[in-house]
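This report concerns only the one structure given below.
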Amino acid sequence: MDIEPNDLLLFARIVEAGSFSAAATRVSLPKSTVSRRISLLEARLGERLLARTTRKLMVTEFGASLLEHARKVAEESEAAGALAQHRQAAPSGRLRISLPADFANLGMSAMIGTFLARYPAVSVELDLSPRRVDLVAENFDIAIRMGDLPDDSTLAARRVTLQRFGLYASPSYTAVRGLPEHPDDLLGHDLLCLLSRGGGPLSWTLTRGKLRWQRELPARLTANSPDLLARIACNGAGIAASSELFAAPLVSTGELVRVLPEWDLPAATGWAVFPGRRLMPAKTRAFLDMMEELFCSEAQESRGC
C-alpha cells in the first residue's frame, strides 16, 4: 500500500493542533484541503482515523496506533529542516573539488589553508587529475576549469580569474640563442608549447595592439601544465608559453626573462563550475566567495579589480 508521507505528517499536525482549522493555519493550507486529504488517507487505509463531532475531535483506536508513525514522520521532517537551516547558516560537510594540479599548488594552496581554518566543520577533498570530471555523476561540488566552457544546462559557472599568458626563457638560453625581435624569429628557436585538448601543441596567436600574428609552430616539448613549462624553461630548454601566475615569481628571481614583451598570448578565463542547483550548499557558496576575494585582491594589486 502506497501511503503519502505528507498525509501522515498532516494527520500528526491535526492531532497536535486539536482541530482541522488550527492545523490548516499551521500548515498554511485551506481547511477544505486538509479535510479532503485526511478523508482520502482514511479511504486508502480502509479505516477511520478521527471521529468528528461538532464539539470535539477524537482519535480512533486505529488512528492512535498510526499516530506513532505519523509523529515519527513529523519529527524526521523537522530534523531535516533544522539540518538544512543549520547548513545554510554554518558551512559544514565534505566539499569535493576538481582543479588543475599546478593551479592548486601555486594559486590556491594558501587560500585553501585559510578556508579550512575559517570553516572547521568543512572537510575538503581535492582531485588534481587532469581529466574533466562529471560533477553531477561523480558528486563533485566545484571544478576549476580554464578557457571556454561547453554548453551544459545541468551546470552553472562563476568567473573567478583571468590568466594572462606570455613567452618566457632563461637568461642562459637567450645568451646562447639570442632574443627573437619579431614573432617570425620564433621559427629558429626551441619552443615549449601548451598541449591542446585534442592532442598536439596549441597554435601560437600573438597580439600587439591591433596587430595579430598566428602560426602552428613545431614544438620541442608539449605539456598541459603552464607551471611545468615555465620551470623547464628555467633550465635553458627553450622559449615557453606560460601564464603570468607561474612565470612572474621566476622572473622576479632572475630565472626567467620575458620574450617579445610587447606581444601577448590570449588570456584564459578561470571558471568555477558547479551543479546548477537552485539552492547552493553553504560550503560551496563560502568557497566560491573566498576564491573571488582572493583573485579580486590580486587584481587590485596589479591592475585594479
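The way I read the labels, and the way they are meant: chains A, B, ... in the order of the C-alpha cells, residue 1 as the first residue of every chain, and ligand 1 as the first ligand shown, with later ones counted on from there.
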
Neighbouring residues of segment 144-156 of chain A were defined as those with any atom within 7 Å, considering only C-alpha atoms; residues of the same chain fewer than 5 positions away were excluded. Please report them as a tab-separated table (two decimals) with N, CA, C and O atoms, in the first residue's frame.
chain	number	residue	atom	x	y	z
A	98	SER	N	37.49	19.58	-7.97
A	98	SER	CA	38.40	19.15	-9.03
A	98	SER	C	39.10	20.38	-9.58
A	98	SER	O	38.43	21.36	-9.93
A	99	LEU	N	40.43	20.36	-9.66
A	99	LEU	CA	41.16	21.51	-10.18
A	99	LEU	C	42.53	21.08	-10.69
A	99	LEU	O	43.06	20.05	-10.27
A	268	ALA	N	43.27	33.49	-20.64
A	268	ALA	CA	42.34	32.38	-20.38
A	268	ALA	C	41.53	32.69	-19.12
A	268	ALA	O	42.10	33.00	-18.07
A	269	THR	N	40.22	32.61	-19.25
A	269	THR	CA	39.34	32.82	-18.10
A	269	THR	C	39.30	31.57	-17.24
A	269	THR	O	39.17	30.46	-17.75
A	270	GLY	N	39.43	31.76	-15.94
A	270	GLY	CA	39.29	30.66	-15.00
A	270	GLY	C	37.89	30.65	-14.42
A	270	GLY	O	37.41	31.67	-13.91
A	271	TRP	N	37.22	29.52	-14.55
A	271	TRP	CA	35.83	29.39	-14.11
A	271	TRP	C	35.72	28.42	-12.93
A	271	TRP	O	36.40	27.39	-12.91
A	272	ALA	N	34.86	28.74	-12.01
A	272	ALA	CA	34.42	27.78	-11.01
A	272	ALA	C	33.08	27.24	-11.49
A	272	ALA	O	32.11	27.98	-11.63
A	273	VAL	N	33.05	25.95	-11.79
A	273	VAL	CA	31.85	25.30	-12.33
A	273	VAL	C	31.23	24.44	-11.23
A	273	VAL	O	31.94	23.76	-10.48
A	274	PHE	N	29.91	24.47	-11.13
A	274	PHE	CA	29.23	23.74	-10.06
A	274	PHE	C	27.86	23.30	-10.54
A	274	PHE	O	27.31	23.89	-11.49
A	275	PRO	N	27.26	22.27	-9.92
A	275	PRO	CA	25.92	21.84	-10.32
A	275	PRO	C	24.93	22.99	-10.21
A	275	PRO	O	24.94	23.74	-9.24
A	276	GLY	N	24.08	23.10	-11.22
A	276	GLY	CA	23.16	24.23	-11.28
A	276	GLY	C	21.94	24.05	-10.41
A	276	GLY	O	20.81	24.10	-10.89

Skipping near chain neighbours, those fewer than 4 positions away, what residues fall within 9 Å of Arg13 of chain A using only C-alpha atoms, listed as a PDB file with N, CA, C and O atoms, in the first residue's frame?
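Output saved as selection-v3.pdb:
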ATOM      1  N   LEU A   8       0.570  11.622   6.333  1.00  0.00           N
ATOM      2  CA  LEU A   8       0.828  11.217   7.720  1.00  0.00           C
ATOM      3  C   LEU A   8       1.267  12.427   8.545  1.00  0.00           C
ATOM      4  O   LEU A   8       0.864  12.590   9.696  1.00  0.00           O
ATOM      5  N   LEU A   9       2.108  13.261   7.958  1.00  0.00           N
ATOM      6  CA  LEU A   9       2.545  14.484   8.636  1.00  0.00           C
ATOM      7  C   LEU A   9       1.338  15.380   8.937  1.00  0.00           C
ATOM      8  O   LEU A   9       1.211  15.926  10.045  1.00  0.00           O
ATOM      9  N   ALA A  17      -2.729  19.987  16.910  1.00  0.00           N
ATOM     10  CA  ALA A  17      -3.447  21.267  16.959  1.00  0.00           C
ATOM     11  C   ALA A  17      -4.818  21.134  17.605  1.00  0.00           C
ATOM     12  O   ALA A  17      -5.352  22.117  18.134  1.00  0.00           O
ATOM     13  N   GLY A  18      -5.427  19.930  17.550  1.00  0.00           N
ATOM     14  CA  GLY A  18      -6.712  19.709  18.186  1.00  0.00           C
ATOM     15  C   GLY A  18      -7.898  19.996  17.299  1.00  0.00           C
ATOM     16  O   GLY A  18      -9.047  19.769  17.708  1.00  0.00           O
ATOM     17  N   PHE A  20      -9.158  20.737  12.801  1.00  0.00           N
ATOM     18  CA  PHE A  20      -8.783  20.903  11.405  1.00  0.00           C
ATOM     19  C   PHE A  20      -8.416  22.360  11.100  1.00  0.00           C
ATOM     20  O   PHE A  20      -7.476  22.642  10.362  1.00  0.00           O
ATOM     21  N   ALA A  22      -7.182  24.739  13.146  1.00  0.00           N
ATOM     22  CA  ALA A  22      -5.882  25.125  13.693  1.00  0.00           C
ATOM     23  C   ALA A  22      -4.747  24.486  12.906  1.00  0.00           C
ATOM     24  O   ALA A  22      -3.706  25.112  12.652  1.00  0.00           O
ATOM     25  N   ALA A  23      -4.940  23.223  12.494  1.00  0.00           N
ATOM     26  CA  ALA A  23      -3.906  22.544  11.705  1.00  0.00           C
ATOM     27  C   ALA A  23      -3.752  23.197  10.346  1.00  0.00           C
ATOM     28  O   ALA A  23      -2.630  23.358   9.832  1.00  0.00           O
ATOM     29  N   ALA A  24      -4.875  23.594   9.746  1.00  0.00           N
ATOM     30  CA  ALA A  24      -4.818  24.246   8.434  1.00  0.00           C
ATOM     31  C   ALA A  24      -4.022  25.549   8.512  1.00  0.00           C
ATOM     32  O   ALA A  24      -3.230  25.870   7.620  1.00  0.00           O
ATOM     33  N   ARG A  26      -1.653  26.213  10.668  1.00  0.00           N
ATOM     34  CA  ARG A  26      -0.248  25.877  10.932  1.00  0.00           C
ATOM     35  C   ARG A  26       0.480  25.472   9.672  1.00  0.00           C
ATOM     36  O   ARG A  26       1.645  25.833   9.474  1.00  0.00           O
ATOM     37  N   VAL A  27      -0.182  24.717   8.805  1.00  0.00           N
ATOM     38  CA  VAL A  27       0.492  24.227   7.591  1.00  0.00           C
ATOM     39  C   VAL A  27       0.214  25.099   6.377  1.00  0.00           C
ATOM     40  O   VAL A  27       0.630  24.771   5.265  1.00  0.00           O
ATOM     41  N   ALA A  70       3.058   8.540  12.391  1.00  0.00           N
ATOM     42  CA  ALA A  70       2.872   9.886  11.854  1.00  0.00           C
ATOM     43  C   ALA A  70       3.760  10.884  12.588  1.00  0.00           C
ATOM     44  O   ALA A  70       4.331  11.799  11.970  1.00  0.00           O
ATOM     45  N   ARG A  71       3.877  10.724  13.917  1.00  0.00           N
ATOM     46  CA  ARG A  71       4.734  11.627  14.678  1.00  0.00           C
ATOM     47  C   ARG A  71       6.206  11.450  14.323  1.00  0.00           C
ATOM     48  O   ARG A  71       6.973  12.412  14.329  1.00  0.00           O
ATOM     49  N   ALA A  74       6.762  13.433  11.297  1.00  0.00           N
ATOM     50  CA  ALA A  74       6.834  14.851  11.636  1.00  0.00           C
ATOM     51  C   ALA A  74       8.186  15.193  12.246  1.00  0.00           C
ATOM     52  O   ALA A  74       8.796  16.222  11.925  1.00  0.00           O
TER      53      ALA A  74
END

| Within 12 Å of Asp289 of chain A, counting only C-alpha atoms, which residues qualify if same-chain residues fewer than 2 places away don't, as a ChimeraX atom specification? | /A:111,115,158-160,272,282-287,291-296

Could you take the residues named above and write them with N, CA and C atoms, as a PDB file, in the first residue's frame?
ATOM      1  N   MET A 111      44.999  29.865   0.004  1.00  0.00           N
ATOM      2  CA  MET A 111      43.579  30.125   0.194  1.00  0.00           C
ATOM      3  C   MET A 111      42.870  28.926   0.803  1.00  0.00           C
ATOM      4  N   PHE A 115      40.713  28.708   4.174  1.00  0.00           N
ATOM      5  CA  PHE A 115      39.335  28.203   4.167  1.00  0.00           C
ATOM      6  C   PHE A 115      39.146  27.145   5.257  1.00  0.00           C
ATOM      7  N   ARG A 158      30.876  30.433 -12.439  1.00  0.00           N
ATOM      8  CA  ARG A 158      31.196  31.771 -11.961  1.00  0.00           C
ATOM      9  C   ARG A 158      32.651  32.078 -12.333  1.00  0.00           C
ATOM     10  N   ARG A 159      32.863  33.206 -12.982  1.00  0.00           N
ATOM     11  CA  ARG A 159      34.225  33.594 -13.344  1.00  0.00           C
ATOM     12  C   ARG A 159      34.991  33.989 -12.089  1.00  0.00           C
ATOM     13  N   VAL A 160      36.184  33.419 -11.912  1.00  0.00           N
ATOM     14  CA  VAL A 160      36.966  33.714 -10.715  1.00  0.00           C
ATOM     15  C   VAL A 160      38.304  34.376 -11.006  1.00  0.00           C
ATOM     16  N   ALA A 272      34.859  28.742 -12.010  1.00  0.00           N
ATOM     17  CA  ALA A 272      34.417  27.781 -11.007  1.00  0.00           C
ATOM     18  C   ALA A 272      33.078  27.237 -11.491  1.00  0.00           C
ATOM     19  N   ALA A 282      25.860  25.830   1.650  1.00  0.00           N
ATOM     20  CA  ALA A 282      26.641  26.907   2.256  1.00  0.00           C
ATOM     21  C   ALA A 282      28.135  26.685   2.071  1.00  0.00           C
ATOM     22  N   LYS A 283      28.590  25.429   2.119  1.00  0.00           N
ATOM     23  CA  LYS A 283      30.023  25.151   1.961  1.00  0.00           C
ATOM     24  C   LYS A 283      30.507  25.572   0.577  1.00  0.00           C
ATOM     25  N   THR A 284      29.674  25.332  -0.459  1.00  0.00           N
ATOM     26  CA  THR A 284      30.037  25.717  -1.821  1.00  0.00           C
ATOM     27  C   THR A 284      30.073  27.227  -1.961  1.00  0.00           C
ATOM     28  N   ARG A 285      29.061  27.883  -1.435  1.00  0.00           N
ATOM     29  CA  ARG A 285      28.992  29.340  -1.534  1.00  0.00           C
ATOM     30  C   ARG A 285      30.178  29.983  -0.815  1.00  0.00           C
ATOM     31  N   ALA A 286      30.539  29.462   0.352  1.00  0.00           N
ATOM     32  CA  ALA A 286      31.652  30.028   1.117  1.00  0.00           C
ATOM     33  C   ALA A 286      32.962  29.896   0.351  1.00  0.00           C
ATOM     34  N   PHE A 287      33.175  28.751  -0.305  1.00  0.00           N
ATOM     35  CA  PHE A 287      34.423  28.546  -1.053  1.00  0.00           C
ATOM     36  C   PHE A 287      34.470  29.466  -2.268  1.00  0.00           C
ATOM     37  N   MET A 291      37.232  32.433  -3.096  1.00  0.00           N
ATOM     38  CA  MET A 291      38.008  32.485  -4.337  1.00  0.00           C
ATOM     39  C   MET A 291      37.902  33.862  -4.987  1.00  0.00           C
ATOM     40  N   GLU A 292      36.694  34.400  -5.058  1.00  0.00           N
ATOM     41  CA  GLU A 292      36.517  35.730  -5.632  1.00  0.00           C
ATOM     42  C   GLU A 292      37.289  36.772  -4.834  1.00  0.00           C
ATOM     43  N   GLU A 293      37.278  36.640  -3.517  1.00  0.00           N
ATOM     44  CA  GLU A 293      38.006  37.564  -2.655  1.00  0.00           C
ATOM     45  C   GLU A 293      39.508  37.503  -2.937  1.00  0.00           C
ATOM     46  N   LEU A 294      40.031  36.285  -3.100  1.00  0.00           N
ATOM     47  CA  LEU A 294      41.458  36.093  -3.367  1.00  0.00           C
ATOM     48  C   LEU A 294      41.870  36.733  -4.685  1.00  0.00           C
ATOM     49  N   PHE A 295      41.183  36.378  -5.768  1.00  0.00           N
ATOM     50  CA  PHE A 295      41.614  36.828  -7.082  1.00  0.00           C
ATOM     51  C   PHE A 295      41.269  38.290  -7.328  1.00  0.00           C
ATOM     52  N   CYS A 296      40.229  38.791  -6.673  1.00  0.00           N
ATOM     53  CA  CYS A 296      39.920  40.207  -6.800  1.00  0.00           C
ATOM     54  C   CYS A 296      41.001  41.039  -6.126  1.00  0.00           C
TER      55      CYS A 296
END

| field | Neighbour list for Gly254 of chain A as an MDAnalysis selection string, cut-off 10 Å, only C-alpha atoms, skip fewer than 6 positions in-chain | value | chainID A and resid 170:171 234 248

| request: Check the DSSP output for the backbone and give back, as a PyMOL selection string, the residues of segment 201-293 of chain A in strand (DSSP E or B). | output: chain A and resi 201+204-208+211-215+221-223+239-243+257-259+264-275

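Relative to atom CA of Leu288 of chain A, atom CA of Ala121 of chain A is found at 16.7 Å.
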